[in-house]
file final31.pdb (PDB, C-alpha atoms)
ATOM      1  CA  MET A   1      10.149 -49.156   8.097
ATOM      2  CA  LYS A   2       7.640 -51.846   7.107
ATOM      3  CA  THR A   3       8.314 -54.034   4.093
ATOM      4  CA  LEU A   4       5.432 -53.406   1.692
ATOM      5  CA  THR A   5       6.159 -55.605  -1.294
ATOM      6  CA  THR A   6       2.725 -56.769  -2.411
ATOM      7  CA  LYS A   7      -0.106 -55.322  -0.333
ATOM      8  CA  LYS A   8      -1.877 -52.062  -1.059
ATOM      9  CA  ILE A   9      -0.468 -48.937   0.574
ATOM     10  CA  LYS A  10      -2.686 -47.582   3.334
ATOM     11  CA  TRP A  11      -2.822 -43.787   3.320
ATOM     12  CA  GLY A  12      -3.816 -41.253   5.932
ATOM     13  CA  ILE A  13      -4.667 -37.640   5.128
ATOM     14  CA  LEU A  14      -3.965 -34.988   7.736
ATOM     15  CA  GLY A  15      -5.717 -31.664   7.084
ATOM     16  CA  LEU A  16      -8.844 -31.713   4.933
ATOM     17  CA  GLY A  17      -8.803 -28.574   2.802
ATOM     18  CA  ARG A  18      -9.094 -28.013  -0.941
ATOM     19  CA  ILE A  19      -5.917 -29.837  -1.956
ATOM     20  CA  ALA A  20      -6.796 -32.804   0.273
ATOM     21  CA  GLU A  21     -10.119 -33.097  -1.584
ATOM     22  CA  LYS A  22      -8.342 -33.436  -4.924
ATOM     23  CA  PHE A  23      -5.688 -35.731  -3.492
ATOM     24  CA  ALA A  24      -8.338 -38.034  -2.012
ATOM     25  CA  GLY A  25     -10.134 -38.029  -5.350
ATOM     26  CA  ASP A  26      -6.978 -39.219  -7.097
ATOM     27  CA  LEU A  27      -6.336 -41.868  -4.432
ATOM     28  CA  LYS A  28      -9.540 -43.531  -5.637
ATOM     29  CA  LEU A  29      -7.909 -43.941  -9.058
ATOM     30  CA  SER A  30      -4.937 -45.794  -7.606
ATOM     31  CA  ASP A  31      -5.152 -49.586  -7.693
ATOM     32  CA  THR A  32      -2.305 -49.754  -5.189
ATOM     33  CA  SER A  33      -3.822 -47.462  -2.535
ATOM     34  CA  ILE A  34      -6.372 -47.530   0.267
ATOM     35  CA  LEU A  35      -7.552 -44.413   2.101
ATOM     36  CA  GLN A  36      -7.237 -45.778   5.620
ATOM     37  CA  ALA A  37      -8.013 -42.658   7.654
ATOM     38  CA  VAL A  38      -8.504 -38.901   7.545
ATOM     39  CA  ALA A  39      -8.200 -36.337  10.325
ATOM     40  CA  SER A  40      -9.523 -32.870  11.026
ATOM     41  CA  ARG A  41      -9.848 -30.937  14.266
ATOM     42  CA  ASP A  42     -13.520 -30.602  13.286
ATOM     43  CA  ILE A  43     -15.079 -34.059  13.744
ATOM     44  CA  ASP A  44     -18.036 -33.208  11.506
ATOM     45  CA  LYS A  45     -15.695 -32.148   8.719
ATOM     46  CA  ALA A  46     -13.734 -35.382   9.152
ATOM     47  CA  ARG A  47     -16.899 -37.508   9.037
ATOM     48  CA  ILE A  48     -18.240 -35.757   5.928
ATOM     49  CA  PHE A  49     -14.860 -36.001   4.168
ATOM     50  CA  SER A  50     -14.591 -39.675   5.145
ATOM     51  CA  ASN A  51     -18.051 -40.471   3.784
ATOM     52  CA  ARG A  52     -17.335 -38.630   0.543
ATOM     53  CA  HIS A  53     -14.018 -40.384  -0.069
ATOM     54  CA  ASN A  54     -14.701 -43.764   1.575
ATOM     55  CA  SER A  55     -11.943 -43.752   4.164
ATOM     56  CA  VAL A  56     -11.912 -46.686   6.573
ATOM     57  CA  LYS A  57     -11.654 -44.386   9.619
ATOM     58  CA  TYR A  58     -11.821 -40.724  10.545
ATOM     59  CA  TYR A  59     -10.418 -38.830  13.510
ATOM     60  CA  SER A  60     -10.950 -35.529  15.298
ATOM     61  CA  SER A  61      -7.264 -35.144  16.176
ATOM     62  CA  TYR A  62      -4.069 -35.359  14.159
ATOM     63  CA  MET A  63      -2.335 -37.365  16.862
ATOM     64  CA  GLU A  64      -4.950 -40.116  16.660
ATOM     65  CA  LEU A  65      -4.224 -40.498  12.970
ATOM     66  CA  ALA A  66      -0.456 -40.461  13.552
ATOM     67  CA  LYS A  67      -0.836 -43.299  16.068
ATOM     68  CA  ASP A  68      -3.040 -45.471  13.821
ATOM     69  CA  ILE A  69      -0.940 -48.618  13.401
ATOM     70  CA  ASP A  70      -2.672 -49.548  10.134
ATOM     71  CA  ILE A  71      -1.443 -46.459   8.242
ATOM     72  CA  ASP A  72       1.670 -46.786   6.071
ATOM     73  CA  VAL A  73       2.076 -43.183   4.914
ATOM     74  CA  VAL A  74       0.506 -39.835   5.775
ATOM     75  CA  TYR A  75      -0.214 -37.006   3.353
ATOM     76  CA  VAL A  76       0.252 -33.772   5.305
ATOM     77  CA  ALA A  77      -2.033 -31.140   3.762
ATOM     78  CA  THR A  78      -2.304 -28.580   6.552
ATOM     79  CA  PRO A  79      -1.378 -24.877   6.058
ATOM     80  CA  HIS A  80       2.308 -24.187   5.377
ATOM     81  CA  ALA A  81       3.166 -23.066   8.898
ATOM     82  CA  PHE A  82       2.163 -26.442  10.370
ATOM     83  CA  HIS A  83       4.026 -28.748   7.955
ATOM     84  CA  PHE A  84       7.032 -29.083  10.238
ATOM     85  CA  GLU A  85       5.046 -29.811  13.389
ATOM     86  CA  ASN A  86       2.680 -32.254  11.688
ATOM     87  CA  THR A  87       5.359 -34.082   9.728
ATOM     88  CA  MET A  88       7.605 -34.477  12.763
ATOM     89  CA  MET A  89       4.665 -35.855  14.750
ATOM     90  CA  CYS A  90       3.979 -38.448  12.063
ATOM     91  CA  LEU A  91       7.636 -39.430  11.707
ATOM     92  CA  LYS A  92       8.031 -39.806  15.474
ATOM     93  CA  ASN A  93       5.052 -42.160  15.439
ATOM     94  CA  GLY A  94       6.630 -44.357  12.784
ATOM     95  CA  LYS A  95       4.768 -43.034   9.743
ATOM     96  CA  SER A  96       6.264 -42.277   6.370
ATOM     97  CA  VAL A  97       5.220 -38.872   5.051
ATOM     98  CA  LEU A  98       4.348 -37.086   1.840
ATOM     99  CA  CYS A  99       4.354 -33.429   2.925
ATOM    100  CA  GLU A 100       2.678 -30.878   0.695
ATOM    101  CA  LYS A 101       4.974 -28.113  -0.536
ATOM    102  CA  PRO A 102       6.696 -26.205   0.903
ATOM    103  CA  MET A 103       8.052 -28.973   3.101
ATOM    104  CA  GLY A 104       9.081 -26.466   5.756
ATOM    105  CA  MET A 105       8.992 -22.756   6.419
ATOM    106  CA  ASN A 106      12.780 -22.588   6.110
ATOM    107  CA  SER A 107      15.807 -24.744   5.378
ATOM    108  CA  GLY A 108      16.347 -25.441   9.083
ATOM    109  CA  GLU A 109      12.948 -27.105   9.341
ATOM    110  CA  VAL A 110      13.494 -29.086   6.135
ATOM    111  CA  LYS A 111      16.891 -30.381   7.242
ATOM    112  CA  THR A 112      15.485 -31.378  10.646
ATOM    113  CA  MET A 113      12.635 -33.283   9.001
ATOM    114  CA  ILE A 114      15.019 -35.076   6.654
ATOM    115  CA  LYS A 115      17.334 -35.990   9.527
ATOM    116  CA  GLU A 116      14.399 -37.370  11.542
ATOM    117  CA  ALA A 117      13.156 -39.481   8.628
ATOM    118  CA  GLU A 118      16.623 -40.820   7.870
ATOM    119  CA  SER A 119      17.299 -41.704  11.510
ATOM    120  CA  ARG A 120      14.067 -43.717  11.620
ATOM    121  CA  LYS A 121      14.513 -45.201   8.120
ATOM    122  CA  LEU A 122      11.154 -43.774   7.080
ATOM    123  CA  PHE A 123      10.134 -42.474   3.667
ATOM    124  CA  LEU A 124       9.811 -38.687   3.333
ATOM    125  CA  MET A 125       9.075 -36.634   0.237
ATOM    126  CA  GLU A 126       7.952 -33.095  -0.518
ATOM    127  CA  GLY A 127       4.655 -32.971  -2.388
ATOM    128  CA  ILE A 128       5.793 -31.174  -5.528
ATOM    129  CA  TRP A 129       3.396 -32.872  -7.923
ATOM    130  CA  THR A 130       5.016 -31.005 -10.844
ATOM    131  CA  ARG A 131       7.931 -33.440 -10.802
ATOM    132  CA  PHE A 132       5.754 -36.430 -11.610
ATOM    133  CA  VAL A 133       3.353 -35.205 -14.286
ATOM    134  CA  PRO A 134       4.184 -36.659 -17.750
ATOM    135  CA  ALA A 135       5.223 -33.297 -19.209
ATOM    136  CA  THR A 136       8.079 -32.974 -16.725
ATOM    137  CA  GLU A 137       9.572 -36.250 -17.940
ATOM    138  CA  ILE A 138       9.487 -34.876 -21.499
ATOM    139  CA  LEU A 139      11.143 -31.649 -20.364
ATOM    140  CA  ILE A 140      13.905 -33.494 -18.527
ATOM    141  CA  ASP A 141      14.599 -35.633 -21.610
ATOM    142  CA  LEU A 142      14.768 -32.551 -23.867
ATOM    143  CA  LEU A 143      17.180 -30.813 -21.513
ATOM    144  CA  ARG A 144      19.323 -33.913 -21.083
ATOM    145  CA  ASP A 145      19.587 -34.309 -24.864
ATOM    146  CA  LYS A 146      20.425 -30.575 -25.235
ATOM    147  CA  VAL A 147      17.755 -30.252 -27.934
ATOM    148  CA  ILE A 148      17.826 -26.437 -27.585
ATOM    149  CA  GLY A 149      21.587 -26.314 -27.118
ATOM    150  CA  ASP A 150      23.266 -24.589 -24.203
ATOM    151  CA  LEU A 151      20.826 -22.851 -21.886
ATOM    152  CA  ILE A 152      20.886 -19.037 -21.901
ATOM    153  CA  PHE A 153      17.994 -18.046 -19.671
ATOM    154  CA  MET A 154      14.525 -19.036 -18.554
ATOM    155  CA  ARG A 155      11.476 -17.202 -17.301
ATOM    156  CA  ALA A 156       8.426 -18.445 -15.461
ATOM    157  CA  ASP A 157       5.513 -16.827 -13.678
ATOM    158  CA  PHE A 158       2.676 -17.973 -11.442
ATOM    159  CA  GLY A 159      -0.025 -15.539 -10.408
ATOM    160  CA  PHE A 160      -3.677 -15.635  -9.418
ATOM    161  CA  LYS A 161      -6.036 -12.990  -8.078
ATOM    162  CA  SER A 162      -7.089 -13.621  -4.504
ATOM    163  CA  GLU A 163      -9.424 -11.394  -2.511
ATOM    164  CA  PHE A 164      -7.656  -9.841   0.431
ATOM    165  CA  ASN A 165      -8.571 -11.622   3.663
ATOM    166  CA  PRO A 166      -6.138 -11.058   6.540
ATOM    167  CA  GLU A 167      -7.406 -14.207   8.286
ATOM    168  CA  GLY A 168      -7.341 -16.446   5.206
ATOM    169  CA  ARG A 169      -4.545 -18.860   4.366
ATOM    170  CA  VAL A 170      -3.144 -16.823   1.464
ATOM    171  CA  TYR A 171      -2.598 -13.530   3.327
ATOM    172  CA  ASN A 172      -2.206 -14.698   6.929
ATOM    173  CA  LYS A 173       1.432 -14.580   8.013
ATOM    174  CA  ALA A 174       0.815 -16.998  10.895
ATOM    175  CA  LEU A 175      -0.357 -19.603   8.358
ATOM    176  CA  GLY A 176       2.633 -19.107   6.057
ATOM    177  CA  GLY A 177       0.837 -16.814   3.621
ATOM    178  CA  GLY A 178       2.316 -14.856   0.720
ATOM    179  CA  SER A 179       2.896 -15.435  -2.970
ATOM    180  CA  LEU A 180       6.419 -16.821  -2.648
ATOM    181  CA  LEU A 181       5.572 -19.809  -0.469
ATOM    182  CA  ASP A 182       2.194 -20.448  -2.065
ATOM    183  CA  VAL A 183       2.967 -20.281  -5.793
ATOM    184  CA  GLY A 184       6.426 -18.732  -6.189
ATOM    185  CA  ILE A 185       7.891 -22.066  -5.181
ATOM    186  CA  TYR A 186       6.869 -23.491  -8.575
ATOM    187  CA  PRO A 187       8.959 -21.119 -10.725
ATOM    188  CA  VAL A 188      11.838 -21.498  -8.249
ATOM    189  CA  TYR A 189      11.551 -25.294  -8.416
ATOM    190  CA  LEU A 190      11.534 -25.207 -12.226
ATOM    191  CA  SER A 191      14.677 -23.069 -12.224
ATOM    192  CA  LEU A 192      16.344 -25.572  -9.896
ATOM    193  CA  ILE A 193      15.688 -28.624 -12.080
ATOM    194  CA  THR A 194      16.544 -26.632 -15.210
ATOM    195  CA  LEU A 195      19.606 -24.567 -14.290
ATOM    196  CA  GLY A 196      20.635 -25.869 -10.866
ATOM    197  CA  LEU A 197      21.691 -23.816  -7.862
ATOM    198  CA  PRO A 198      22.141 -20.096  -8.526
ATOM    199  CA  THR A 199      25.331 -18.295  -7.572
ATOM    200  CA  GLY A 200      23.545 -14.983  -7.091
ATOM    201  CA  ILE A 201      19.999 -13.907  -6.245
ATOM    202  CA  SER A 202      18.205 -10.578  -6.562
ATOM    203  CA  ALA A 203      14.568 -10.095  -5.567
ATOM    204  CA  MET A 204      11.950  -7.419  -4.924
ATOM    205  CA  ALA A 205       8.406  -7.678  -3.611
ATOM    206  CA  ARG A 206       5.161  -5.864  -2.903
ATOM    207  CA  MET A 207       4.284  -6.370   0.740
ATOM    208  CA  THR A 208       0.826  -6.354   2.291
ATOM    209  CA  GLN A 209      -0.409  -4.933   5.569
ATOM    210  CA  THR A 210      -0.216  -8.483   6.931
ATOM    211  CA  GLU A 211       3.552  -8.454   6.221
ATOM    212  CA  VAL A 212       3.564 -11.099   3.486
ATOM    213  CA  ASP A 213       4.453 -10.649  -0.182
ATOM    214  CA  SER A 214       1.608 -10.190  -2.652
ATOM    215  CA  TYR A 215       4.054 -10.053  -5.578
ATOM    216  CA  CYS A 216       7.641 -11.219  -5.868
ATOM    217  CA  ALA A 217      10.102 -10.711  -8.725
ATOM    218  CA  MET A 218      13.292 -12.750  -8.764
ATOM    219  CA  LEU A 219      16.444 -12.747 -10.871
ATOM    220  CA  PHE A 220      18.875 -15.649 -10.469
ATOM    221  CA  ASP A 221      22.420 -15.723 -11.814
ATOM    222  CA  TYR A 222      24.432 -18.888 -12.531
ATOM    223  CA  GLU A 223      28.077 -19.829 -12.826
ATOM    224  CA  ASN A 224      27.846 -20.191 -16.614
ATOM    225  CA  SER A 225      26.184 -16.717 -16.838
ATOM    226  CA  SER A 226      22.709 -18.094 -17.628
ATOM    227  CA  LYS A 227      19.775 -16.386 -15.920
ATOM    228  CA  ALA A 228      16.330 -17.133 -14.479
ATOM    229  CA  ILE A 229      13.603 -14.481 -14.363
ATOM    230  CA  LEU A 230      10.781 -15.553 -12.049
ATOM    231  CA  GLU A 231       7.559 -13.991 -10.748
ATOM    232  CA  SER A 232       4.778 -14.856  -8.337
ATOM    233  CA  SER A 233       1.571 -13.036  -7.407
ATOM    234  CA  ILE A 234      -1.576 -13.496  -5.346
ATOM    235  CA  GLU A 235      -3.113 -10.223  -6.528
ATOM    236  CA  ALA A 236      -3.237 -10.693 -10.312
ATOM    237  CA  ASP A 237      -3.901 -13.429 -12.836
ATOM    238  CA  THR A 238      -0.753 -13.941 -14.899
ATOM    239  CA  PRO A 239      -0.035 -16.198 -17.904
ATOM    240  CA  THR A 240       1.512 -18.887 -15.651
ATOM    241  CA  GLU A 241       3.752 -20.103 -18.439
ATOM    242  CA  ALA A 242       7.430 -20.996 -18.623
ATOM    243  CA  TYR A 243       9.994 -20.484 -21.378
ATOM    244  CA  ILE A 244      13.455 -22.023 -21.474
ATOM    245  CA  TYR A 245      15.796 -20.419 -23.985
ATOM    246  CA  GLY A 246      18.864 -22.090 -25.456
ATOM    247  CA  THR A 247      21.367 -21.359 -28.187
ATOM    248  CA  LYS A 248      19.372 -23.493 -30.649
ATOM    249  CA  GLY A 249      15.784 -22.926 -29.626
ATOM    250  CA  VAL A 250      13.040 -22.497 -27.054
ATOM    251  CA  ILE A 251      10.940 -24.836 -24.918
ATOM    252  CA  LYS A 252       7.556 -23.486 -23.841
ATOM    253  CA  LEU A 253       5.554 -25.016 -20.997
ATOM    254  CA  HIS A 254       1.983 -23.901 -21.609
ATOM    255  CA  LYS A 255      -0.502 -22.602 -19.009
ATOM    256  CA  ARG A 256      -0.410 -23.712 -16.230
ATOM    257  CA  PHE A 257       3.188 -24.745 -16.505
ATOM    258  CA  HIS A 258       3.388 -26.520 -13.134
ATOM    259  CA  HIS A 259       1.020 -29.243 -14.332
ATOM    260  CA  THR A 260       0.988 -28.531 -18.043
ATOM    261  CA  GLU A 261      -0.275 -30.962 -20.641
ATOM    262  CA  LYS A 262       1.397 -29.186 -23.562
ATOM    263  CA  ILE A 263       5.004 -28.413 -24.448
ATOM    264  CA  SER A 264       6.096 -26.563 -27.594
ATOM    265  CA  LEU A 265       9.583 -26.935 -29.029
ATOM    266  CA  THR A 266      10.906 -24.238 -31.358
ATOM    267  CA  ARG A 267      14.290 -24.704 -33.030
ATOM    268  CA  ASN A 268      16.060 -22.197 -35.271
ATOM    269  CA  GLY A 269      12.999 -19.959 -35.317
ATOM    270  CA  GLU A 270      10.505 -22.632 -36.408
ATOM    271  CA  LEU A 271       7.959 -24.570 -34.372
ATOM    272  CA  THR A 272       9.424 -28.075 -34.509
ATOM    273  CA  ARG A 273       7.126 -30.145 -32.334
ATOM    274  CA  VAL A 274       4.225 -29.920 -29.917
ATOM    275  CA  TYR A 275       4.054 -32.532 -27.174
ATOM    276  CA  GLU A 276       0.548 -33.265 -25.890
ATOM    277  CA  THR A 277       0.245 -35.172 -22.611
ATOM    278  CA  LYS A 278      -2.584 -36.083 -20.256
ATOM    279  CA  ASN A 279      -2.432 -35.918 -16.486
ATOM    280  CA  ALA A 280      -4.280 -38.659 -14.635
ATOM    281  CA  GLY A 281      -7.134 -37.419 -12.459
ATOM    282  CA  TYR A 282      -6.395 -34.017 -10.980
ATOM    283  CA  GLY A 283      -2.675 -34.679 -11.483
ATOM    284  CA  TYR A 284      -1.858 -35.977  -8.012
ATOM    285  CA  LEU A 285      -2.096 -39.635  -9.002
ATOM    286  CA  HIS A 286       1.416 -39.518 -10.491
ATOM    287  CA  GLU A 287       3.058 -38.556  -7.193
ATOM    288  CA  ILE A 288       0.837 -41.028  -5.314
ATOM    289  CA  GLU A 289       2.114 -43.869  -7.463
ATOM    290  CA  GLU A 290       5.711 -42.671  -7.012
ATOM    291  CA  VAL A 291       5.306 -42.821  -3.230
ATOM    292  CA  ASN A 292       3.660 -46.240  -3.429
ATOM    293  CA  THR A 293       6.475 -47.581  -5.607
ATOM    294  CA  CYS A 294       9.123 -46.244  -3.238
ATOM    295  CA  LEU A 295       7.395 -47.776  -0.216
ATOM    296  CA  ARG A 296       6.988 -51.139  -1.934
ATOM    297  CA  ASN A 297      10.699 -51.057  -2.806
ATOM    298  CA  ASN A 298      11.578 -50.171   0.800
ATOM    299  CA  GLU A 299      13.115 -46.845  -0.270
ATOM    300  CA  THR A 300      13.297 -43.884   2.108
ATOM    301  CA  GLU A 301      13.401 -41.191  -0.580
ATOM    302  CA  SER A 302      12.459 -40.780  -4.224
ATOM    303  CA  SER A 303      15.313 -40.737  -6.729
ATOM    304  CA  ARG A 304      13.194 -38.363  -8.826
ATOM    305  CA  LEU A 305      12.613 -35.903  -5.978
ATOM    306  CA  PRO A 306      15.375 -36.671  -3.460
ATOM    307  CA  HIS A 307      15.922 -35.027  -0.096
ATOM    308  CA  ILE A 308      18.805 -32.945  -1.430
ATOM    309  CA  LEU A 309      16.516 -31.275  -3.953
ATOM    310  CA  SER A 310      14.055 -30.218  -1.227
ATOM    311  CA  SER A 311      16.963 -29.032   0.905
ATOM    312  CA  ASN A 312      18.365 -26.953  -1.967
ATOM    313  CA  LEU A 313      14.921 -25.575  -2.788
ATOM    314  CA  SER A 314      14.369 -24.425   0.785
ATOM    315  CA  THR A 315      17.809 -22.800   0.832
ATOM    316  CA  ILE A 316      17.009 -20.786  -2.312
ATOM    317  CA  MET A 317      13.636 -19.779  -0.869
ATOM    318  CA  ASP A 318      15.374 -18.589   2.302
ATOM    319  CA  MET A 319      17.703 -16.421   0.229
ATOM    320  CA  VAL A 320      14.763 -14.863  -1.624
ATOM    321  CA  LYS A 321      12.927 -14.213   1.658
ATOM    322  CA  ASP A 322      16.020 -12.498   3.009
ATOM    323  CA  LYS A 323      16.232 -10.266  -0.083
ATOM    324  CA  ILE A 324      12.611  -9.118   0.210
ATOM    325  CA  GLY A 325      12.561  -8.862   4.005
ATOM    326  CA  LEU A 326      10.001 -11.636   4.508
ATOM    327  CA  ARG A 327      10.126 -13.128   7.993
ATOM    328  CA  TYR A 328       8.171 -15.980   9.570
ATOM    329  CA  ASP A 329       8.316 -17.509  13.027
ATOM    330  CA  SER A 330      10.557 -20.561  12.942
ATOM    331  CA  ASN A 331      10.123 -23.999  14.466
ATOM    332  CA  ALA A 332      13.682 -25.086  13.773
TER
END

call {"tool": "encode", "arguments": {"input": "final31.pdb", "output": "structure tokens"}}
result
Amino acid sequence: MKTLTTKKIKWGILGLGRIAEKFAGDLKLSDTSILQAVASRDIDKARIFSNRHNSVKYYSSYMELAKDIDIDVVYVATPHAFHFENTMMCLKNGKSVLCEKPMGMNSGEVKTMIKEAESRKLFLMEGIWTRFVPATEILIDLLRDKVIGDLIFMRADFGFKSEFNPEGRVYNKALGGGSLLDVGIYPVYLSLITLGLPTGISAMARMTQTEVDSYCAMLFDYENSSKAILESSIEADTPTEAYIYGTKGVIKLHKRFHHTEKISLTRNGELTRVYETKNAGYGYLHEIEEVNTCLRNNETESSRLPHILSSNLSTIMDMVKDKIGLRYDSNA
């Protein structure tokens, strides 16, 4: 791993879809970043993206980007099903990686990716931007200080209405489609940082003709008898809010909870405080700066989103998939 103590971090972006557009936009806001190169299998798309976001280079193959010796870290923004293949390619070519969530299609893939990064002393992190927005820091402080007492249960939902397209990313099984992997991961992640690993999982889903879930309902049980009630959907717009209930009060993460800018605290039945925050750019700048800081400090994982958290998250997701009968082809 290179020592990057003072110079700007040179980024590559692999896969140039909607999220990559926003990510590249936020890279421009970072004083510690340079967009070194972008890659798409469509050379025209790569050139247009490069011109729009001022990358130094652009490529028509992912391997060319992975082999670019000037790149320090690659943001993998391809469809879910290709995260493992693309991340492993980058790691094997000496590149640190920020891999968009979910890091892998299953816990086997995630553990293999982590092992590869650790063996090469390269930085690897799952792109769960939720962890780095300012509101999450407030939430973690409130939970640490037990402001709402002992936790009883939480509930969170994430749903949006998507037109059915069997070839599109959201419904295509070969691309890792379905509500659980696309948006259900956010409620599951919130339950993990709030209540920890569940001791029991129940789940039900609505399945589509493409054999992915269009709706998933989850109930998690914990050793101390607290509960998590979670939902995801790609066929209906839902409130996309989160509530955490304790013996002394309630914390509400307002719409959309996964990158909220507003938290309400209610104690003993009365609204006690409203926290207003502001995400920088589209919200990706916070995780960009976390990666840059880790690289400059020669760290191979983030202490705020460590490998073990991604490993635990993928394990929980596997258990939910098993409960609802959701199966994908595996790379590991």

call {"tool": "residues_around", "arguments": {"input": "final31.pdb", "residues": "Asp70 in chain A", "least_positions_apart": "3", "cutoff": "9 Å", "atoms": "all atoms listed in the file", "output": "VMD selection string"}}
result
chain A and resid 10 to 11 36 67

call {"tool": "resolve_selection", "arguments": {"input": "final31.pdb", "expression": "the PyMOL selection byres ((chain A and resi 126-128) around 9)", "output": "list of chain:residue names"}}
result
A:Tyr75, A:Val76, A:Val97, A:Leu98, A:Cys99, A:Glu100, A:Lys101, A:Pro102, A:Met103, A:Leu124, A:Met125, A:Trp129, A:Thr130, A:Arg131, A:Phe132, A:Tyr186, A:Tyr189, A:Glu287, A:Leu305, A:Pro306, A:His307, A:Ser310

call {"tool": "resolve_selection", "arguments": {"input": "final31.pdb", "expression": "the PyMOL selection byres ((chain A and resi 314) around 8)", "output": "ChimeraX atom specification"}}
result
/A:102,104-107,110,310-313,315-318

call {"tool": "closest_residue", "arguments": {"input": "final31.pdb", "among": "A:Asp322, A:Asn279, A:Ile193, A:Asp44", "to": "Leu139 in chain A", "atoms": "all atoms listed in the file"}}
result
A:Ile193

call {"tool": "residues_near_point", "arguments": {"input": "final31.pdb", "point": "(-1.9, -39.4, 18.5)", "cutoff": "12 Å", "atoms": "all atoms listed in the file", "output": "MDAnalysis selection string"}}
result
chainID A and resid 14 39 59:69 86 89:95

call {"tool": "write_last_selection", "arguments": {"input": "final31.pdb", "atoms": "C-alpha atoms", "output": "PDB file, in the coordinates of the input"}}
result
ATOM      1  CA  LEU A  14      -3.965 -34.988   7.736  1.00  0.00           C
ATOM      2  CA  ALA A  39      -8.200 -36.337  10.325  1.00  0.00           C
ATOM      3  CA  TYR A  59     -10.418 -38.830  13.510  1.00  0.00           C
ATOM      4  CA  SER A  60     -10.950 -35.529  15.298  1.00  0.00           C
ATOM      5  CA  SER A  61      -7.264 -35.144  16.176  1.00  0.00           C
ATOM      6  CA  TYR A  62      -4.069 -35.359  14.159  1.00  0.00           C
ATOM      7  CA  MET A  63      -2.335 -37.365  16.862  1.00  0.00           C
ATOM      8  CA  GLU A  64      -4.950 -40.116  16.660  1.00  0.00           C
ATOM      9  CA  LEU A  65      -4.224 -40.498  12.970  1.00  0.00           C
ATOM     10  CA  ALA A  66      -0.456 -40.461  13.552  1.00  0.00           C
ATOM     11  CA  LYS A  67      -0.836 -43.299  16.068  1.00  0.00           C
ATOM     12  CA  ASP A  68      -3.040 -45.471  13.821  1.00  0.00           C
ATOM     13  CA  ILE A  69      -0.940 -48.618  13.401  1.00  0.00           C
ATOM     14  CA  ASN A  86       2.680 -32.254  11.688  1.00  0.00           C
ATOM     15  CA  MET A  89       4.665 -35.855  14.750  1.00  0.00           C
ATOM     16  CA  CYS A  90       3.979 -38.448  12.063  1.00  0.00           C
ATOM     17  CA  LEU A  91       7.636 -39.430  11.707  1.00  0.00           C
ATOM     18  CA  LYS A  92       8.031 -39.806  15.474  1.00  0.00           C
ATOM     19  CA  ASN A  93       5.052 -42.160  15.439  1.00  0.00           C
ATOM     20  CA  GLY A  94       6.630 -44.357  12.784  1.00  0.00           C
ATOM     21  CA  LYS A  95       4.768 -43.034   9.743  1.00  0.00           C
TER      22      LYS A  95
END

call {"tool": "closest_atom_pairs", "arguments": {"input": "final31.pdb", "of": "range 146-174 of chain A", "to": "range 229-238 of chain A", "cutoff": "9 Å", "atoms": "only C-alpha atoms", "output": "JSON lines"}}
result
{"residue": "A:Phe153", "atom": "CA", "partner": "A:Ile229", "partner_atom": "CA", "distance": 7.8}
{"residue": "A:Met154", "atom": "CA", "partner": "A:Ile229", "partner_atom": "CA", "distance": 6.3}
{"residue": "A:Arg155", "atom": "CA", "partner": "A:Ile229", "partner_atom": "CA", "distance": 4.5}
{"residue": "A:Ala156", "atom": "CA", "partner": "A:Leu230", "partner_atom": "CA", "distance": 5.1}
{"residue": "A:Asp157", "atom": "CA", "partner": "A:Glu231", "partner_atom": "CA", "distance": 4.6}
{"residue": "A:Phe158", "atom": "CA", "partner": "A:Ser232", "partner_atom": "CA", "distance": 4.9}
{"residue": "A:Gly159", "atom": "CA", "partner": "A:Ser233", "partner_atom": "CA", "distance": 4.2}
{"residue": "A:Phe160", "atom": "CA", "partner": "A:Asp237", "partner_atom": "CA", "distance": 4.1}
{"residue": "A:Lys161", "atom": "CA", "partner": "A:Ala236", "partner_atom": "CA", "distance": 4.3}
{"residue": "A:Ser162", "atom": "CA", "partner": "A:Ile234", "partner_atom": "CA", "distance": 5.6}
{"residue": "A:Glu163", "atom": "CA", "partner": "A:Glu235", "partner_atom": "CA", "distance": 7.6}
{"residue": "A:Phe164", "atom": "CA", "partner": "A:Glu235", "partner_atom": "CA", "distance": 8.3}
{"residue": "A:Val170", "atom": "CA", "partner": "A:Ile234", "partner_atom": "CA", "distance": 7.7}
{"residue": "A:Tyr171", "atom": "CA", "partner": "A:Ile234", "partner_atom": "CA", "distance": 8.7}

call {"tool": "atom_distance", "arguments": {"input": "final31.pdb", "atom1": "CA of Tyr58 in chain A", "atom2": "CA of Lys121 in chain A"}}
result
26.8 Å

call {"tool": "residues_near_point", "arguments": {"input": "final31.pdb", "point": "(-9.5, -26.0, -1.5)", "cutoff": "12 Å", "atoms": "only C-alpha atoms", "output": "list in words"}}
result
Gly15, Leu16, Gly17, Arg18, Ile19, Ala20, Glu21, Lys22, Phe23, Ala77, Thr78, Pro79, Gly168, Arg169 and Val170 of chain A

call {"tool": "closest_residue", "arguments": {"input": "final31.pdb", "among": "A:Arg267, A:Lys262, A:His53, A:Arg47", "to": "Asp26 in chain A", "atoms": "only C-alpha atoms"}}
result
A:His53

call {"tool": "atom_distance", "arguments": {"input": "final31.pdb", "atom1": "CA of Thr260 in chain A", "atom2": "CA of Glu241 in chain A"}}
result
8.9 Å

call {"tool": "atom_distance", "arguments": {"input": "final31.pdb", "atom1": "CA of Ser179 in chain A", "atom2": "CA of Met319 in chain A"}}
result
15.2 Å

call {"tool": "resolve_selection", "arguments": {"input": "final31.pdb", "expression": "the PyMOL selection byres ((chain A and resi 204) around 8)", "output": "PyMOL selection string"}}
result
chain A and resi 202-203+205-206+216-218+323-324
